[in-house]
Each structure stands twice: as structure tokens, then as C-alpha cells.
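First comes the structure, then the notes that go with it.
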Amino acid sequence: MLVAYLRAIGDAKATVHASAIQVVVLLVSAPPAMHYWGVTGIAWSMTLGLGCAAAWMLFRTMTARTP
């Protein structure tokens with residue numbers, strides 16, 4: 001819903017930023033998580049990345065100015 005809302009109000013750039021945040025978090029957190037917890041660590045890394053991306057989009061949604 002956040003992606004659709006941000007695109008509708010003309011802030012599609014925020015969704016691109018969210019995807020970039022998700023990739024960076026995954027690249028940073030996946031190797032140590034894989035080392036310590038195996039496949040479960042990868043799942044938690046993906047969850048962390050999605051959470052960070054969602055938090056960014058929620059922040060942009062709450063601070064967005066509607067036309």
C-alpha cells in the first residue's frame with residue numbers, strides 16, 4: 001500500500017530509495033547472519049531489509065505534502 005500511495009502522490013523516488021536501502025541492509029547483514037545462523041539468518045536479514053524499507057516509505061508517507 002505504501003508503494004502505491006507514494007507513486008500516486010508523485011513520490012516514486014521514495015520507492016527507489018527504499019529498494020536501495022533494502023539491498024544495502026541485505027548486503028551488510030546477510031554474510032554475518034549466514035555465518036552464525038545459516039539459512040535462518042538469511043531469512044532474518046531479508047526481514048530486516050524489508051522492515052527498513054517499509055520504515056523509510058512510512059516516514060516519507062507521513063512527511064509527504066499532498067498537492
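Here's how to read the names in the C-alpha cells: chain A, B, ... by the order shown, residue numbers from 1 in each chain, ligand numbers from 1 in the order shown.
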
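Every protein, DNA or RNA residue with an atom at most 12 Å from Ile9 (chain A), where only C-alpha atoms count and chain neighbours fewer than 4 positions away do not, is listed here: A:Leu2, A:Val3, A:Ala4, A:Tyr5, A:Lys13, A:Ala14, A:Thr15, A:Arg60, A:Thr61, A:Thr63, A:Ala64, A:Arg65, A:Thr66, A:Pro67.
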
May I have the residues from that selection written out with N, CA and C atoms, as an mmCIF file, in the first residue's frame?
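The resulting file, part.cif, is reproduced below:
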data_model
loop_
_atom_site.group_PDB
_atom_site.id
_atom_site.type_symbol
_atom_site.label_atom_id
_atom_site.label_comp_id
_atom_site.auth_asym_id
_atom_site.auth_seq_id
_atom_site.Cartn_x
_atom_site.Cartn_y
_atom_site.Cartn_z
ATOM 1 N N LEU A 2 1.986 1.226 0.712
ATOM 2 C CA LEU A 2 2.842 2.411 0.765
ATOM 3 C C LEU A 2 3.407 2.749 -0.602
ATOM 4 N N VAL A 3 3.811 1.726 -1.349
ATOM 5 C CA VAL A 3 4.375 1.957 -2.684
ATOM 6 C C VAL A 3 3.324 2.603 -3.584
ATOM 7 N N ALA A 4 2.118 2.062 -3.567
ATOM 8 C CA ALA A 4 1.050 2.606 -4.409
ATOM 9 C C ALA A 4 0.721 4.039 -4.010
ATOM 10 N N TYR A 5 0.663 4.321 -2.727
ATOM 11 C CA TYR A 5 0.350 5.667 -2.265
ATOM 12 C C TYR A 5 1.450 6.648 -2.673
ATOM 13 N N LYS A 13 10.262 8.339 -6.310
ATOM 14 C CA LYS A 13 11.676 8.277 -5.949
ATOM 15 C C LYS A 13 11.863 7.632 -4.570
ATOM 16 N N ALA A 14 10.895 7.812 -3.688
ATOM 17 C CA ALA A 14 10.979 7.224 -2.349
ATOM 18 C C ALA A 14 10.963 5.697 -2.413
ATOM 19 N N THR A 15 10.245 5.139 -3.365
ATOM 20 C CA THR A 15 10.218 3.687 -3.502
ATOM 21 C C THR A 15 11.555 3.159 -4.022
ATOM 22 N N ARG A 60 8.344 8.647 4.652
ATOM 23 C CA ARG A 60 8.068 9.526 3.509
ATOM 24 C C ARG A 60 6.569 9.764 3.343
ATOM 25 N N THR A 61 5.771 8.757 3.659
ATOM 26 C CA THR A 61 4.320 8.910 3.580
ATOM 27 C C THR A 61 3.828 9.918 4.614
ATOM 28 N N THR A 63 5.498 12.341 5.994
ATOM 29 C CA THR A 63 6.026 13.689 5.800
ATOM 30 C C THR A 63 5.702 14.252 4.413
ATOM 31 N N ALA A 64 4.979 13.508 3.611
ATOM 32 C CA ALA A 64 4.682 13.945 2.239
ATOM 33 C C ALA A 64 3.650 15.074 2.248
ATOM 34 N N ARG A 65 3.869 15.976 1.340
ATOM 35 C CA ARG A 65 2.890 17.042 1.126
ATOM 36 C C ARG A 65 2.028 16.665 -0.053
ATOM 37 N N THR A 66 0.765 16.662 0.142
ATOM 38 C CA THR A 66 -0.143 16.336 -0.963
ATOM 39 C C THR A 66 -0.443 17.596 -1.749
ATOM 40 N N PRO A 67 -0.580 17.445 -3.059
ATOM 41 C CA PRO A 67 -0.825 18.627 -3.899
ATOM 42 C C PRO A 67 -2.160 19.266 -3.665
#

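What separates CA of Phe59 (chain A) from CA of Ala30 (chain A) is a distance of 24.7 Å.
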
Shell around Val24 (chain A) at 12 Å using only C-alpha atoms, local window under 2 positions removed, as an MDAnalysis selection string: chainID A and resid 17:22 26:30 45:46 48:50 52:53
